[in-house]
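Data first, discussion second: the structure below is written as structure tokens.
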Amino acid sequence: MRIGVAGVGRIGTMHAGNLASLDAVDEVVLFDPVPGRAAQVAESIGAKAVDDLDALLDASDGVLIATPTTTHPETIRRALAANTPALCEKPIASDYDEMVALVDDIEASGVEVLVGFQRRFDPAVAELYRRIRAGEVGKLYLVRATGNDAEPPDFGYLPASGGIFRDLLIHDLDAVPWLVGEPVVEVYASGSVLVDQAFADADDVDNAVVTLKFAGGAHAVLVGGRHDPLGYDHRIEVLGSKDSLAVGVDSRTPLTSLEPDGSKVGPDAYPGFAERFHRAYLNEMAVFVDVVAGKAQNPSPARDSLTSLRLALACDKSRRSGTVEVVA
């Protein structure tokens with residue numbers, strides 16, 4: 001099997017290396033609009049470089065899209081036209097209406113398109129999903145998700161980031177409703193600038209709290225921040241009538257317990273998202289290859305991206321108004 005990668009910046013290069021490590025992949029083919037970049041990465045991982053997107057699509061059984069966000073809709077549509085299954089980094093489109101039209105086109109084409117919400121592919125999160133669906137957790141009472149960057153992003157990125165809800169918290173706005181399996185009916189969000197004035201200058205916040213109410217009455221509390229002095233921290237906790245479970249709590253979690261026998265932060269706390277979700281990214285590529293081969297169903301379909309974006313927009317509106325947003 002030949003898998004193409006369009007865009008070999010930081011995330012695309014990581015995906016290309018993971019694809020090259022899979023026994024099911026015979027060849028990885030790379031394209032990047034920056035001259036020479038694809039060839040350089042190809043040499044480092046034993047892949048093949050091509051000069052344009054058409055050549056990439058011609059040479060690939062499936063294509064991973066990691067180009068800039070503004071190019072995602074066009075690149076996806078070119079993959080659809082070539083009848084080539086794709087996995088696209090989030091978001092598949094910047095604007096909600098544009099995303100609606102793109103999702104309609106994807107579904108009309110019959111071509112599989114996966115969205116790169118990596119939490120869905122994390123083995124521990126997938127096991128949490130299985131246990132909830134199997135009824136092992138019982139009736140859900142509460143979900144808590146924590147997501148803190150170790151260091152703030154480059155401040156030059158902020159004006160184009162879409163804000164904390166569409167950039168940092170969008171992953172949990174995807175994963176938590178997916179885990180719960182019920183529609184969100186109410187959203188409340190609040191945020192503050194505590195890390196750096198640059199966030200306020202970009203009309204954003206650097207710490208935020210979101211409360212989601214689901215149709216069945218359960219709640220979720222999502223917190224996210226742009227700086228954690230101990231490392232990158234992402235956890236999800238679920239409390240139900242039969243069990244209480246957590247993912248993201250291990251020897252590398254950047255959290256110090258003050259209990260005598262509690263965990264202490266070690267020297268190898270997660271420094272960033274790539275390390276924290278290393279298993280998720282590897283599994284994401286393996287699942288994508290299985291979807292291309294017709295051996296697995298798509299666990300992250302494009303239509304689900306509409307849910308997380310709609311919630312992110314509701315969060316931003318709630319933060320600005322200070323009121324609860326009712327989600328239709």
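Letters A, B, ... mark the chains of the structure tokens in the order given; residue numbers begin at 1 per chain; ligand numbers begin at 1, in order shown.
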
Which residues come within 6 Å of Ile236 (chain A), counting only C-alpha atoms, excluding same-chain residues fewer than 4 positions away, as number ranges by chain? A: 144-145, 246-247

Limited to N, CA and C atoms, could you put the picked residues into a file as a tab-separated table (two decimals), in the first residue's frame?
```
chain	number	residue	atom	x	y	z
A	144	ARG	N	-14.91	15.16	33.29
A	144	ARG	CA	-13.98	16.28	33.46
A	144	ARG	C	-12.82	16.10	32.50
A	145	ALA	N	-12.47	17.14	31.77
A	145	ALA	CA	-11.33	17.10	30.86
A	145	ALA	C	-10.41	18.28	31.16
A	246	ALA	N	-10.28	7.14	34.57
A	246	ALA	CA	-9.48	8.27	34.11
A	246	ALA	C	-8.50	7.81	33.04
A	247	VAL	N	-8.21	8.69	32.10
A	247	VAL	CA	-7.13	8.49	31.15
A	247	VAL	C	-6.18	9.67	31.26
```

Please identify all polymer residues within 8 Å of region 8-10 of chain A, counting only C-alpha atoms, omitting same-chain residues fewer than 2 positions from it, and present them as a short mmCIF file (atom, residue, chain, number, x, y, z; two decimals) with N, CA, C and O atoms, in the first residue's frame.
```
data_model
loop_
_atom_site.label_atom_id
_atom_site.label_comp_id
_atom_site.auth_asym_id
_atom_site.auth_seq_id
_atom_site.Cartn_x
_atom_site.Cartn_y
_atom_site.Cartn_z
N VAL A 5 1.53 11.88 1.76
CA VAL A 5 1.43 12.92 2.78
C VAL A 5 1.59 14.26 2.09
O VAL A 5 2.63 14.54 1.47
N ALA A 6 0.55 15.09 2.17
CA ALA A 6 0.59 16.43 1.59
C ALA A 6 0.89 17.41 2.72
O ALA A 6 0.07 17.61 3.62
N GLY A 12 3.14 16.97 9.75
CA GLY A 12 3.19 16.09 8.59
C GLY A 12 4.41 15.20 8.60
O GLY A 12 4.33 14.02 8.23
N THR A 13 5.54 15.74 9.04
CA THR A 13 6.76 14.93 9.14
C THR A 13 6.59 13.82 10.18
O THR A 13 7.02 12.68 9.97
N MET A 14 5.97 14.15 11.30
CA MET A 14 5.72 13.13 12.32
C MET A 14 4.83 12.02 11.76
O MET A 14 5.11 10.83 11.93
N ALA A 16 4.41 11.17 8.65
CA ALA A 16 5.14 10.43 7.61
C ALA A 16 6.05 9.39 8.24
O ALA A 16 6.14 8.24 7.76
N LEU A 30 5.67 11.80 -0.52
CA LEU A 30 5.56 13.11 0.11
C LEU A 30 5.48 14.23 -0.92
O LEU A 30 6.15 14.19 -1.96
N PHE A 31 4.66 15.22 -0.59
CA PHE A 31 4.62 16.47 -1.35
C PHE A 31 4.53 17.64 -0.39
O PHE A 31 3.80 17.57 0.61
N ASP A 32 5.24 18.70 -0.69
CA ASP A 32 5.15 19.94 0.08
C ASP A 32 5.36 21.11 -0.88
O ASP A 32 6.23 21.04 -1.76
N ARG A 37 11.62 20.75 0.52
CA ARG A 37 11.27 20.22 1.85
C ARG A 37 10.88 18.75 1.77
O ARG A 37 11.31 17.93 2.60
N ALA A 38 10.04 18.38 0.81
CA ALA A 38 9.60 16.99 0.70
C ALA A 38 10.78 16.06 0.45
O ALA A 38 10.87 14.98 1.04
N VAL A 41 12.79 15.54 3.74
CA VAL A 41 12.13 14.64 4.68
C VAL A 41 12.12 13.21 4.13
O VAL A 41 12.34 12.25 4.87
N ALA A 66 -1.82 17.53 5.61
CA ALA A 66 -1.28 18.32 6.72
C ALA A 66 -0.76 19.65 6.21
O ALA A 66 0.22 20.19 6.73
N THR A 67 -1.43 20.16 5.19
CA THR A 67 -1.09 21.47 4.64
C THR A 67 -1.77 22.56 5.47
O THR A 67 -2.56 22.24 6.35
#
```

Find the residues around Glu127 (chain A) up to 12 Å (only C-alpha atoms counted), leave out those fewer than 3 positions away in its own chain, and share them as a PDB file with N, CA, C and O atoms, in the first residue's frame.
```
ATOM      1  N   ARG A 119      -7.413  12.293  19.855  1.00  0.00           N
ATOM      2  CA  ARG A 119      -7.879  11.663  21.083  1.00  0.00           C
ATOM      3  C   ARG A 119      -8.729  10.428  20.790  1.00  0.00           C
ATOM      4  O   ARG A 119      -8.722   9.459  21.545  1.00  0.00           O
ATOM      5  N   ARG A 120      -9.464  10.439  19.701  1.00  0.00           N
ATOM      6  CA  ARG A 120     -10.305   9.283  19.347  1.00  0.00           C
ATOM      7  C   ARG A 120      -9.470   8.036  19.076  1.00  0.00           C
ATOM      8  O   ARG A 120      -9.976   6.918  19.147  1.00  0.00           O
ATOM      9  N   PHE A 121      -8.203   8.236  18.725  1.00  0.00           N
ATOM     10  CA  PHE A 121      -7.329   7.120  18.369  1.00  0.00           C
ATOM     11  C   PHE A 121      -6.427   6.698  19.529  1.00  0.00           C
ATOM     12  O   PHE A 121      -5.700   5.715  19.409  1.00  0.00           O
ATOM     13  N   ASP A 122      -6.444   7.457  20.622  1.00  0.00           N
ATOM     14  CA  ASP A 122      -5.634   7.115  21.778  1.00  0.00           C
ATOM     15  C   ASP A 122      -6.152   5.812  22.374  1.00  0.00           C
ATOM     16  O   ASP A 122      -7.357   5.677  22.652  1.00  0.00           O
ATOM     17  N   PRO A 123      -5.296   4.796  22.571  1.00  0.00           N
ATOM     18  CA  PRO A 123      -5.785   3.505  23.064  1.00  0.00           C
ATOM     19  C   PRO A 123      -6.559   3.599  24.374  1.00  0.00           C
ATOM     20  O   PRO A 123      -7.580   2.913  24.544  1.00  0.00           O
ATOM     21  N   ALA A 124      -6.107   4.451  25.303  1.00  0.00           N
ATOM     22  CA  ALA A 124      -6.812   4.569  26.584  1.00  0.00           C
ATOM     23  C   ALA A 124      -8.170   5.237  26.406  1.00  0.00           C
ATOM     24  O   ALA A 124      -9.166   4.839  27.025  1.00  0.00           O
ATOM     25  N   ARG A 130     -15.180   2.365  24.797  1.00  0.00           N
ATOM     26  CA  ARG A 130     -15.747   1.015  24.770  1.00  0.00           C
ATOM     27  C   ARG A 130     -16.492   0.704  26.067  1.00  0.00           C
ATOM     28  O   ARG A 130     -17.598   0.147  26.047  1.00  0.00           O
ATOM     29  N   ARG A 131     -15.892   1.073  27.196  1.00  0.00           N
ATOM     30  CA  ARG A 131     -16.516   0.764  28.487  1.00  0.00           C
ATOM     31  C   ARG A 131     -17.814   1.548  28.683  1.00  0.00           C
ATOM     32  O   ARG A 131     -18.782   1.020  29.237  1.00  0.00           O
ATOM     33  N   ILE A 132     -17.831   2.790  28.236  1.00  0.00           N
ATOM     34  CA  ILE A 132     -19.063   3.575  28.340  1.00  0.00           C
ATOM     35  C   ILE A 132     -20.153   2.944  27.485  1.00  0.00           C
ATOM     36  O   ILE A 132     -21.287   2.742  27.941  1.00  0.00           O
ATOM     37  N   ARG A 133     -19.812   2.592  26.237  1.00  0.00           N
ATOM     38  CA  ARG A 133     -20.803   2.013  25.339  1.00  0.00           C
ATOM     39  C   ARG A 133     -21.274   0.644  25.821  1.00  0.00           C
ATOM     40  O   ARG A 133     -22.420   0.250  25.589  1.00  0.00           O
ATOM     41  N   ALA A 134     -20.400  -0.096  26.488  1.00  0.00           N
ATOM     42  CA  ALA A 134     -20.761  -1.426  26.974  1.00  0.00           C
ATOM     43  C   ALA A 134     -21.577  -1.366  28.262  1.00  0.00           C
ATOM     44  O   ALA A 134     -22.014  -2.405  28.763  1.00  0.00           O
ATOM     45  N   GLU A 136     -20.447  -0.415  31.179  1.00  0.00           N
ATOM     46  CA  GLU A 136     -19.630  -0.737  32.342  1.00  0.00           C
ATOM     47  C   GLU A 136     -19.483   0.445  33.302  1.00  0.00           C
ATOM     48  O   GLU A 136     -19.172   0.247  34.479  1.00  0.00           O
ATOM     49  N   VAL A 137     -19.694   1.647  32.812  1.00  0.00           N
ATOM     50  CA  VAL A 137     -19.611   2.834  33.663  1.00  0.00           C
ATOM     51  C   VAL A 137     -20.967   3.134  34.290  1.00  0.00           C
ATOM     52  O   VAL A 137     -21.058   3.867  35.277  1.00  0.00           O
ATOM     53  N   LEU A 179     -17.598  10.670  23.501  1.00  0.00           N
ATOM     54  CA  LEU A 179     -17.606   9.703  24.592  1.00  0.00           C
ATOM     55  C   LEU A 179     -19.003   9.572  25.216  1.00  0.00           C
ATOM     56  O   LEU A 179     -19.484   8.461  25.450  1.00  0.00           O
ATOM     57  N   LEU A 245     -13.468   6.379  36.135  1.00  0.00           N
ATOM     58  CA  LEU A 245     -12.314   6.062  35.306  1.00  0.00           C
ATOM     59  C   LEU A 245     -11.573   7.316  34.882  1.00  0.00           C
ATOM     60  O   LEU A 245     -12.150   8.402  34.812  1.00  0.00           O
ATOM     61  N   ALA A 246     -10.283   7.143  34.574  1.00  0.00           N
ATOM     62  CA  ALA A 246      -9.478   8.273  34.113  1.00  0.00           C
ATOM     63  C   ALA A 246      -8.502   7.811  33.044  1.00  0.00           C
ATOM     64  O   ALA A 246      -8.023   6.674  33.063  1.00  0.00           O
ATOM     65  N   VAL A 247      -8.211   8.688  32.105  1.00  0.00           N
ATOM     66  CA  VAL A 247      -7.126   8.489  31.146  1.00  0.00           C
ATOM     67  C   VAL A 247      -6.180   9.675  31.263  1.00  0.00           C
ATOM     68  O   VAL A 247      -6.575  10.765  31.671  1.00  0.00           O
TER      69      VAL A 247
END
```

Exercise: Asp203 (chain A) partners within 10 Å, only C-alpha atoms, chain neighbours under 2 positions left out, as a PyMOL selection string: chain A and resi 158-159+162-163+193+197-201+205

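Separating CA of Asp105 (chain A) from CA of Lys295 (chain A) is a distance of 23.5 Å.
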
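Across A:Gly147, A:Gly116, A:Gly138, A:Gly62, the tightest approach to Gly248 (chain A) is made by A:Gly147 when counting only C-alpha atoms.
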